[in-house]
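Source file: my_file.cif (mmCIF, all heavy atoms)
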```cif
data_start
loop_
_atom_site.label_atom_id
_atom_site.label_comp_id
_atom_site.auth_asym_id
_atom_site.auth_seq_id
_atom_site.Cartn_x
_atom_site.Cartn_y
_atom_site.Cartn_z
N MET Q 1 -5.64 -12.72 24.93
CA MET Q 1 -4.84 -11.72 24.24
C MET Q 1 -3.59 -12.39 23.69
O MET Q 1 -2.90 -13.11 24.42
CB MET Q 1 -4.48 -10.60 25.22
CG MET Q 1 -3.86 -9.41 24.55
SD MET Q 1 -4.00 -7.94 25.59
CE MET Q 1 -2.44 -8.03 26.42
N SER Q 2 -3.30 -12.19 22.44
CA SER Q 2 -2.15 -12.85 21.83
C SER Q 2 -0.89 -12.02 22.04
O SER Q 2 -0.91 -10.79 21.97
CB SER Q 2 -2.38 -13.07 20.33
OG SER Q 2 -2.48 -11.82 19.70
N LYS Q 3 0.17 -12.72 22.33
CA LYS Q 3 1.46 -12.06 22.54
C LYS Q 3 2.16 -11.91 21.20
O LYS Q 3 2.14 -12.83 20.39
CB LYS Q 3 2.29 -12.93 23.49
CG LYS Q 3 3.65 -12.39 23.78
CD LYS Q 3 4.43 -13.38 24.62
CE LYS Q 3 5.90 -13.03 24.56
NZ LYS Q 3 6.74 -14.09 25.07
N LYS Q 4 2.77 -10.75 20.98
CA LYS Q 4 3.48 -10.55 19.72
C LYS Q 4 4.75 -11.39 19.73
O LYS Q 4 5.44 -11.48 20.72
CB LYS Q 4 3.85 -9.08 19.53
CG LYS Q 4 2.68 -8.21 19.20
CD LYS Q 4 3.15 -6.85 18.81
CE LYS Q 4 1.98 -6.04 18.29
NZ LYS Q 4 2.39 -4.75 17.81
N LYS Q 5 5.02 -11.98 18.57
CA LYS Q 5 6.21 -12.81 18.43
C LYS Q 5 7.27 -12.07 17.64
O LYS Q 5 6.95 -11.25 16.80
CB LYS Q 5 5.88 -14.10 17.65
CG LYS Q 5 4.96 -15.04 18.36
CD LYS Q 5 4.78 -16.26 17.50
CE LYS Q 5 3.88 -17.28 18.15
NZ LYS Q 5 3.75 -18.48 17.34
N ASN Q 6 8.52 -12.39 17.92
CA ASN Q 6 9.60 -11.92 17.07
C ASN Q 6 9.56 -12.70 15.77
O ASN Q 6 9.05 -13.82 15.72
CB ASN Q 6 10.96 -12.14 17.73
CG ASN Q 6 11.17 -11.23 18.92
OD1 ASN Q 6 10.57 -10.17 18.99
ND2 ASN Q 6 11.98 -11.66 19.85
N VAL Q 7 10.11 -12.14 14.73
CA VAL Q 7 10.13 -12.83 13.44
C VAL Q 7 10.87 -14.15 13.56
O VAL Q 7 10.49 -15.15 12.95
CB VAL Q 7 10.78 -11.93 12.37
CG1 VAL Q 7 10.92 -12.67 11.05
CG2 VAL Q 7 9.97 -10.67 12.17
N SER Q 8 11.91 -14.19 14.39
CA SER Q 8 12.68 -15.42 14.55
C SER Q 8 11.87 -16.53 15.23
O SER Q 8 12.19 -17.70 15.08
CB SER Q 8 13.96 -15.15 15.35
OG SER Q 8 13.64 -14.63 16.62
N GLU Q 9 10.82 -16.16 15.95
CA GLU Q 9 9.99 -17.15 16.64
C GLU Q 9 8.82 -17.63 15.79
O GLU Q 9 8.11 -18.54 16.18
CB GLU Q 9 9.45 -16.56 17.95
CG GLU Q 9 10.51 -16.19 18.95
CD GLU Q 9 9.95 -15.43 20.14
OE1 GLU Q 9 8.81 -14.93 20.06
OE2 GLU Q 9 10.66 -15.34 21.15
N MET Q 10 8.60 -17.02 14.65
CA MET Q 10 7.45 -17.37 13.80
C MET Q 10 7.75 -18.59 12.95
O MET Q 10 8.89 -18.83 12.56
CB MET Q 10 7.11 -16.21 12.87
CG MET Q 10 6.59 -14.98 13.53
SD MET Q 10 6.28 -13.74 12.27
CE MET Q 10 5.48 -12.50 13.22
N THR Q 11 6.68 -19.30 12.63
CA THR Q 11 6.82 -20.40 11.68
C THR Q 11 6.83 -19.80 10.28
O THR Q 11 6.49 -18.63 10.09
CB THR Q 11 5.63 -21.38 11.80
OG1 THR Q 11 4.44 -20.69 11.46
CG2 THR Q 11 5.52 -21.94 13.20
N GLU Q 12 7.18 -20.60 9.30
CA GLU Q 12 7.22 -20.12 7.91
C GLU Q 12 5.84 -19.63 7.46
O GLU Q 12 5.71 -18.63 6.77
CB GLU Q 12 7.71 -21.22 6.97
CG GLU Q 12 9.18 -21.51 7.08
CD GLU Q 12 10.04 -20.30 6.77
OE1 GLU Q 12 9.76 -19.61 5.77
OE2 GLU Q 12 10.99 -20.03 7.53
N GLU Q 13 4.80 -20.34 7.86
CA GLU Q 13 3.44 -19.96 7.49
C GLU Q 13 3.06 -18.61 8.11
O GLU Q 13 2.46 -17.76 7.44
CB GLU Q 13 2.46 -21.04 7.97
CG GLU Q 13 1.26 -21.20 7.09
CD GLU Q 13 0.47 -22.44 7.48
OE1 GLU Q 13 0.79 -23.53 6.97
OE2 GLU Q 13 -0.45 -22.28 8.29
N GLU Q 14 3.42 -18.40 9.37
CA GLU Q 14 3.12 -17.13 10.03
C GLU Q 14 3.89 -15.98 9.37
O GLU Q 14 3.35 -14.88 9.21
CB GLU Q 14 3.48 -17.20 11.51
CG GLU Q 14 2.56 -18.08 12.32
CD GLU Q 14 3.02 -18.27 13.75
OE1 GLU Q 14 4.24 -18.31 14.01
OE2 GLU Q 14 2.12 -18.38 14.62
N LYS Q 15 5.12 -16.24 8.96
CA LYS Q 15 5.92 -15.21 8.28
C LYS Q 15 5.28 -14.82 6.95
O LYS Q 15 5.21 -13.64 6.62
CB LYS Q 15 7.35 -15.72 8.02
CG LYS Q 15 8.20 -15.78 9.26
CD LYS Q 15 9.58 -16.31 8.92
CE LYS Q 15 10.38 -16.56 10.18
NZ LYS Q 15 11.69 -17.14 9.90
N GLU Q 16 4.80 -15.81 6.21
CA GLU Q 16 4.16 -15.53 4.93
C GLU Q 16 2.90 -14.68 5.12
O GLU Q 16 2.66 -13.73 4.37
CB GLU Q 16 3.81 -16.83 4.20
CG GLU Q 16 5.02 -17.54 3.63
CD GLU Q 16 4.66 -18.86 2.99
OE1 GLU Q 16 3.46 -19.13 2.75
OE2 GLU Q 16 5.60 -19.63 2.72
N GLU Q 17 2.09 -15.01 6.13
CA GLU Q 17 0.88 -14.24 6.41
C GLU Q 17 1.23 -12.80 6.82
O GLU Q 17 0.58 -11.86 6.42
CB GLU Q 17 0.06 -14.90 7.52
CG GLU Q 17 -0.66 -16.14 7.07
CD GLU Q 17 -1.68 -15.86 5.97
OE1 GLU Q 17 -2.42 -14.87 6.07
OE2 GLU Q 17 -1.70 -16.65 5.01
N TRP Q 18 2.28 -12.67 7.63
CA TRP Q 18 2.73 -11.36 8.09
C TRP Q 18 3.18 -10.50 6.91
O TRP Q 18 2.83 -9.34 6.82
CB TRP Q 18 3.87 -11.58 9.10
CG TRP Q 18 4.39 -10.34 9.75
CD1 TRP Q 18 3.72 -9.51 10.60
CD2 TRP Q 18 5.70 -9.81 9.60
NE1 TRP Q 18 4.54 -8.48 10.98
CE2 TRP Q 18 5.78 -8.65 10.40
CE3 TRP Q 18 6.83 -10.20 8.89
CZ2 TRP Q 18 6.93 -7.89 10.47
CZ3 TRP Q 18 7.97 -9.44 8.99
CH2 TRP Q 18 8.01 -8.30 9.77
N VAL Q 19 3.94 -11.08 6.00
CA VAL Q 19 4.41 -10.35 4.82
C VAL Q 19 3.23 -9.96 3.93
O VAL Q 19 3.17 -8.83 3.44
CB VAL Q 19 5.45 -11.19 4.04
CG1 VAL Q 19 5.74 -10.56 2.69
CG2 VAL Q 19 6.73 -11.33 4.84
N LYS Q 20 2.26 -10.86 3.75
CA LYS Q 20 1.08 -10.53 2.94
C LYS Q 20 0.31 -9.37 3.55
O LYS Q 20 -0.16 -8.49 2.84
CB LYS Q 20 0.17 -11.75 2.82
CG LYS Q 20 0.67 -12.80 1.86
CD LYS Q 20 -0.30 -13.96 1.81
CE LYS Q 20 0.25 -15.08 0.96
NZ LYS Q 20 -0.63 -16.26 0.98
N LYS Q 21 0.18 -9.37 4.86
CA LYS Q 21 -0.54 -8.30 5.54
C LYS Q 21 0.18 -6.96 5.35
O LYS Q 21 -0.45 -5.94 5.09
CB LYS Q 21 -0.64 -8.60 7.05
CG LYS Q 21 -1.55 -7.67 7.80
CD LYS Q 21 -1.53 -7.92 9.29
CE LYS Q 21 -2.12 -9.25 9.65
NZ LYS Q 21 -2.19 -9.48 11.11
N ILE Q 22 1.50 -6.96 5.46
CA ILE Q 22 2.28 -5.74 5.26
C ILE Q 22 2.19 -5.28 3.81
O ILE Q 22 2.03 -4.08 3.53
CB ILE Q 22 3.75 -5.95 5.69
CG1 ILE Q 22 3.80 -6.08 7.21
CG2 ILE Q 22 4.62 -4.80 5.22
CD1 ILE Q 22 5.16 -6.37 7.76
N ASP Q 23 2.27 -6.22 2.87
CA ASP Q 23 2.15 -5.86 1.45
C ASP Q 23 0.80 -5.20 1.16
O ASP Q 23 0.74 -4.20 0.44
CB ASP Q 23 2.30 -7.09 0.56
CG ASP Q 23 3.74 -7.56 0.45
OD1 ASP Q 23 4.65 -6.80 0.84
OD2 ASP Q 23 3.96 -8.69 -0.03
N LYS Q 24 -0.25 -5.73 1.73
CA LYS Q 24 -1.59 -5.17 1.52
C LYS Q 24 -1.68 -3.77 2.13
O LYS Q 24 -2.25 -2.86 1.54
CB LYS Q 24 -2.64 -6.09 2.13
CG LYS Q 24 -4.04 -5.68 1.81
CD LYS Q 24 -5.03 -6.71 2.31
CE LYS Q 24 -6.44 -6.31 1.93
NZ LYS Q 24 -7.42 -7.27 2.42
N LYS Q 25 -1.09 -3.59 3.31
CA LYS Q 25 -1.11 -2.28 3.97
C LYS Q 25 -0.34 -1.26 3.13
O LYS Q 25 -0.81 -0.13 2.96
CB LYS Q 25 -0.50 -2.39 5.36
CG LYS Q 25 -0.51 -1.08 6.12
CD LYS Q 25 -0.17 -1.29 7.56
CE LYS Q 25 -0.11 -0.01 8.34
NZ LYS Q 25 -1.27 0.83 8.24
N ILE Q 26 0.81 -1.64 2.61
CA ILE Q 26 1.60 -0.74 1.77
C ILE Q 26 0.79 -0.36 0.53
O ILE Q 26 0.73 0.81 0.15
CB ILE Q 26 2.95 -1.37 1.38
CG1 ILE Q 26 3.86 -1.44 2.60
CG2 ILE Q 26 3.61 -0.61 0.26
CD1 ILE Q 26 5.12 -2.22 2.39
N LEU Q 27 0.16 -1.34 -0.08
CA LEU Q 27 -0.64 -1.08 -1.28
C LEU Q 27 -1.76 -0.09 -0.98
O LEU Q 27 -1.94 0.90 -1.70
CB LEU Q 27 -1.21 -2.40 -1.81
CG LEU Q 27 -2.03 -2.28 -3.08
CD1 LEU Q 27 -1.14 -1.97 -4.26
CD2 LEU Q 27 -2.78 -3.58 -3.33
N CYS Q 28 -2.50 -0.33 0.09
CA CYS Q 28 -3.65 0.53 0.40
C CYS Q 28 -3.23 1.91 0.90
O CYS Q 28 -3.87 2.90 0.57
CB CYS Q 28 -4.52 -0.14 1.46
SG CYS Q 28 -5.35 -1.60 0.85
N ASP Q 29 -2.17 1.97 1.70
CA ASP Q 29 -1.81 3.24 2.32
C ASP Q 29 -0.96 4.15 1.44
O ASP Q 29 -0.97 5.36 1.62
CB ASP Q 29 -1.04 3.00 3.63
CG ASP Q 29 -1.94 2.45 4.72
OD1 ASP Q 29 -3.17 2.43 4.52
OD2 ASP Q 29 -1.42 2.04 5.77
N TYR Q 30 -0.21 3.58 0.51
CA TYR Q 30 0.72 4.39 -0.26
C TYR Q 30 0.44 4.40 -1.76
O TYR Q 30 0.37 5.46 -2.37
CB TYR Q 30 2.17 3.93 -0.02
CG TYR Q 30 2.58 4.08 1.42
CD1 TYR Q 30 2.64 2.99 2.27
CD2 TYR Q 30 2.88 5.34 1.94
CE1 TYR Q 30 3.01 3.14 3.59
CE2 TYR Q 30 3.24 5.50 3.26
CZ TYR Q 30 3.31 4.38 4.09
OH TYR Q 30 3.66 4.54 5.38
N LEU Q 31 0.28 3.26 -2.36
CA LEU Q 31 0.15 3.20 -3.81
C LEU Q 31 -1.17 3.73 -4.32
O LEU Q 31 -1.21 4.45 -5.31
CB LEU Q 31 0.39 1.78 -4.31
CG LEU Q 31 1.82 1.26 -4.15
CD1 LEU Q 31 1.92 -0.16 -4.67
CD2 LEU Q 31 2.82 2.14 -4.84
N VAL Q 32 -2.25 3.41 -3.66
CA VAL Q 32 -3.57 3.86 -4.12
C VAL Q 32 -3.67 5.38 -4.12
O VAL Q 32 -4.06 5.97 -5.14
CB VAL Q 32 -4.70 3.19 -3.30
CG1 VAL Q 32 -6.05 3.83 -3.61
CG2 VAL Q 32 -4.74 1.69 -3.57
N PRO Q 33 -3.29 6.09 -3.03
CA PRO Q 33 -3.36 7.56 -3.08
C PRO Q 33 -2.45 8.17 -4.15
O PRO Q 33 -2.82 9.17 -4.77
CB PRO Q 33 -2.92 8.00 -1.68
CG PRO Q 33 -3.19 6.82 -0.82
CD PRO Q 33 -2.98 5.63 -1.68
N ILE Q 34 -1.27 7.58 -4.37
CA ILE Q 34 -0.37 8.10 -5.39
C ILE Q 34 -1.00 7.96 -6.77
O ILE Q 34 -0.97 8.89 -7.58
CB ILE Q 34 1.00 7.39 -5.33
CG1 ILE Q 34 1.75 7.83 -4.07
CG2 ILE Q 34 1.83 7.67 -6.57
CD1 ILE Q 34 3.00 7.04 -3.78
N VAL Q 35 -1.59 6.82 -7.07
CA VAL Q 35 -2.21 6.58 -8.37
C VAL Q 35 -3.40 7.52 -8.56
O VAL Q 35 -3.57 8.12 -9.62
CB VAL Q 35 -2.63 5.10 -8.53
CG1 VAL Q 35 -3.49 4.90 -9.75
CG2 VAL Q 35 -1.38 4.21 -8.59
N VAL Q 36 -4.21 7.68 -7.53
CA VAL Q 36 -5.38 8.56 -7.62
C VAL Q 36 -4.93 10.00 -7.85
O VAL Q 36 -5.50 10.71 -8.69
CB VAL Q 36 -6.26 8.44 -6.35
CG1 VAL Q 36 -7.32 9.53 -6.32
CG2 VAL Q 36 -6.90 7.07 -6.29
N SER Q 37 -3.90 10.43 -7.13
CA SER Q 37 -3.39 11.80 -7.31
C SER Q 37 -2.84 11.99 -8.72
O SER Q 37 -3.06 13.04 -9.33
CB SER Q 37 -2.28 12.09 -6.30
OG SER Q 37 -2.78 12.04 -5.00
N LEU Q 38 -2.14 11.01 -9.22
CA LEU Q 38 -1.57 11.10 -10.56
C LEU Q 38 -2.67 11.21 -11.61
O LEU Q 38 -2.62 12.06 -12.50
CB LEU Q 38 -0.69 9.88 -10.83
CG LEU Q 38 0.03 9.84 -12.17
CD1 LEU Q 38 1.01 11.00 -12.27
CD2 LEU Q 38 0.75 8.53 -12.34
N ILE Q 39 -3.68 10.38 -11.51
CA ILE Q 39 -4.79 10.41 -12.47
C ILE Q 39 -5.52 11.75 -12.39
O ILE Q 39 -5.84 12.35 -13.41
CB ILE Q 39 -5.76 9.23 -12.21
CG1 ILE Q 39 -5.07 7.92 -12.60
CG2 ILE Q 39 -7.06 9.41 -12.98
CD1 ILE Q 39 -5.84 6.68 -12.20
N THR Q 40 -5.76 12.24 -11.18
CA THR Q 40 -6.43 13.51 -11.00
C THR Q 40 -5.63 14.65 -11.61
O THR Q 40 -6.16 15.50 -12.33
CB THR Q 40 -6.68 13.80 -9.50
OG1 THR Q 40 -7.42 12.70 -8.96
CG2 THR Q 40 -7.43 15.09 -9.30
N THR Q 41 -4.33 14.66 -11.34
CA THR Q 41 -3.46 15.71 -11.88
C THR Q 41 -3.44 15.68 -13.40
O THR Q 41 -3.57 16.72 -14.06
CB THR Q 41 -2.03 15.56 -11.32
OG1 THR Q 41 -2.09 15.59 -9.90
CG2 THR Q 41 -1.12 16.65 -11.83
N LEU Q 42 -3.28 14.51 -13.96
CA LEU Q 42 -3.23 14.40 -15.43
C LEU Q 42 -4.56 14.80 -16.06
O LEU Q 42 -4.59 15.45 -17.11
CB LEU Q 42 -2.84 12.98 -15.84
CG LEU Q 42 -1.40 12.58 -15.51
CD1 LEU Q 42 -1.19 11.12 -15.87
CD2 LEU Q 42 -0.42 13.47 -16.23
N THR Q 43 -5.66 14.44 -15.42
CA THR Q 43 -6.98 14.82 -15.93
C THR Q 43 -7.16 16.33 -15.91
O THR Q 43 -7.64 16.92 -16.88
CB THR Q 43 -8.09 14.14 -15.10
OG1 THR Q 43 -7.88 12.73 -15.15
CG2 THR Q 43 -9.46 14.46 -15.64
N LEU Q 44 -6.78 16.95 -14.81
CA LEU Q 44 -6.90 18.41 -14.71
C LEU Q 44 -6.00 19.11 -15.72
O LEU Q 44 -6.43 20.07 -16.37
CB LEU Q 44 -6.56 18.88 -13.29
CG LEU Q 44 -7.63 18.61 -12.25
CD1 LEU Q 44 -7.11 18.93 -10.85
CD2 LEU Q 44 -8.87 19.44 -12.54
N LEU Q 45 -4.78 18.64 -15.88
CA LEU Q 45 -3.87 19.25 -16.85
C LEU Q 45 -4.41 19.13 -18.26
O LEU Q 45 -4.37 20.08 -19.03
CB LEU Q 45 -2.48 18.63 -16.75
CG LEU Q 45 -1.64 19.05 -15.55
CD1 LEU Q 45 -0.36 18.23 -15.50
CD2 LEU Q 45 -1.33 20.53 -15.60
N SER Q 46 -4.91 17.96 -18.60
CA SER Q 46 -5.44 17.78 -19.96
C SER Q 46 -6.68 18.64 -20.16
O SER Q 46 -6.90 19.17 -21.24
CB SER Q 46 -5.76 16.31 -20.23
OG SER Q 46 -6.82 15.87 -19.42
N PHE Q 47 -7.48 18.82 -19.14
CA PHE Q 47 -8.66 19.69 -19.24
C PHE Q 47 -8.25 21.13 -19.47
O PHE Q 47 -8.78 21.82 -20.36
CB PHE Q 47 -9.51 19.57 -17.98
CG PHE Q 47 -10.66 20.54 -17.94
CD1 PHE Q 47 -11.79 20.31 -18.72
CD2 PHE Q 47 -10.61 21.66 -17.14
CE1 PHE Q 47 -12.85 21.20 -18.71
CE2 PHE Q 47 -11.66 22.54 -17.11
CZ PHE Q 47 -12.79 22.32 -17.89
N PHE Q 48 -7.29 21.63 -18.68
CA PHE Q 48 -6.87 23.02 -18.80
C PHE Q 48 -6.16 23.29 -20.13
O PHE Q 48 -6.37 24.31 -20.75
CB PHE Q 48 -5.98 23.43 -17.64
CG PHE Q 48 -6.72 23.59 -16.35
CD1 PHE Q 48 -6.26 22.99 -15.19
CD2 PHE Q 48 -7.90 24.33 -16.28
CE1 PHE Q 48 -6.95 23.14 -14.00
CE2 PHE Q 48 -8.60 24.48 -15.10
CZ PHE Q 48 -8.13 23.87 -13.94
N TYR Q 49 -5.32 22.36 -20.55
CA TYR Q 49 -4.64 22.56 -21.83
C TYR Q 49 -5.58 22.34 -23.01
O TYR Q 49 -5.36 22.88 -24.08
CB TYR Q 49 -3.40 21.66 -21.95
CG TYR Q 49 -2.23 22.19 -21.16
CD1 TYR Q 49 -1.76 21.49 -20.06
CD2 TYR Q 49 -1.62 23.37 -21.50
CE1 TYR Q 49 -0.68 21.97 -19.33
CE2 TYR Q 49 -0.55 23.87 -20.79
CZ TYR Q 49 -0.08 23.16 -19.68
OH TYR Q 49 0.97 23.65 -18.97
N GLY Q 50 -6.60 21.55 -22.82
CA GLY Q 50 -7.53 21.28 -23.90
C GLY Q 50 -8.51 22.41 -24.14
O GLY Q 50 -9.10 22.51 -25.22
N THR Q 51 -8.70 23.28 -23.15
CA THR Q 51 -9.66 24.36 -23.30
C THR Q 51 -9.06 25.60 -23.93
O THR Q 51 -9.80 26.53 -24.24
CB THR Q 51 -10.26 24.74 -21.92
OG1 THR Q 51 -9.20 25.11 -21.05
CG2 THR Q 51 -11.05 23.59 -21.35
N HIS Q 52 -7.75 25.64 -24.12
CA HIS Q 52 -7.10 26.84 -24.70
C HIS Q 52 -6.98 26.72 -26.19
O HIS Q 52 -6.75 25.79 -26.80
CB HIS Q 52 -5.73 27.08 -24.09
CG HIS Q 52 -5.83 27.52 -22.68
ND1 HIS Q 52 -6.30 28.76 -22.31
CD2 HIS Q 52 -5.53 26.91 -21.52
CE1 HIS Q 52 -6.27 28.88 -21.01
NE2 HIS Q 52 -5.81 27.75 -20.50
#
```
Can you dump the structure from the file as structure tokens?
Amino acid sequence: MSKKKNVSEMTEEEKEEWVKKIDKKILCDYLVPIVVSLITTLTLLSFFYGTH
């Protein structure tokens, strides 16, 4: 079992990997749902306004 390290105890390479992992998590957890919601909303609005 690996022990969690403080950022101050990490090597530069470990810090870079840690930041990449966090960046990927932010992208998947926050940006993708926002973009999908935006596209869905705009599509529905254009459909409703286009039918009148």
Exercise. What is the NE1 of Trp18 (chain Q) to NZ of Lys5 (chain Q) distance in Å?
Worked result: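 Going from NE1 of Trp18 (chain Q) over to NZ of Lys5 (chain Q), I get 11.9 Å.
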Exercise. What does the distance between atom O of Asn6 (chain Q) and atom N of Lys25 (chain Q) come to in Å, to one decimal place?
Worked result: 19.0 Å
Given 3 Å of margin on each side, can you work out the centre and size in Å (one decimal) of an axis-aligned box holding every listed atom of region 3-21 of chain Q, as lines of an AutoDock Vina configuration file?
```
center_x = 5.8
center_y = -14.1
center_z = 13.0
size_x = 22.4
size_y = 24.8
size_z = 30.1
```
Exercise. For the atom pair CD2 of Phe47 (chain Q) and atom O of Leu31 (chain Q), what is the interatomic distance in Å to one decimal place?
Worked result: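 Atom-to-atom, CD2 of Phe47 (chain Q) and atom O of Leu31 (chain Q) are spaced 22.9 Å apart.
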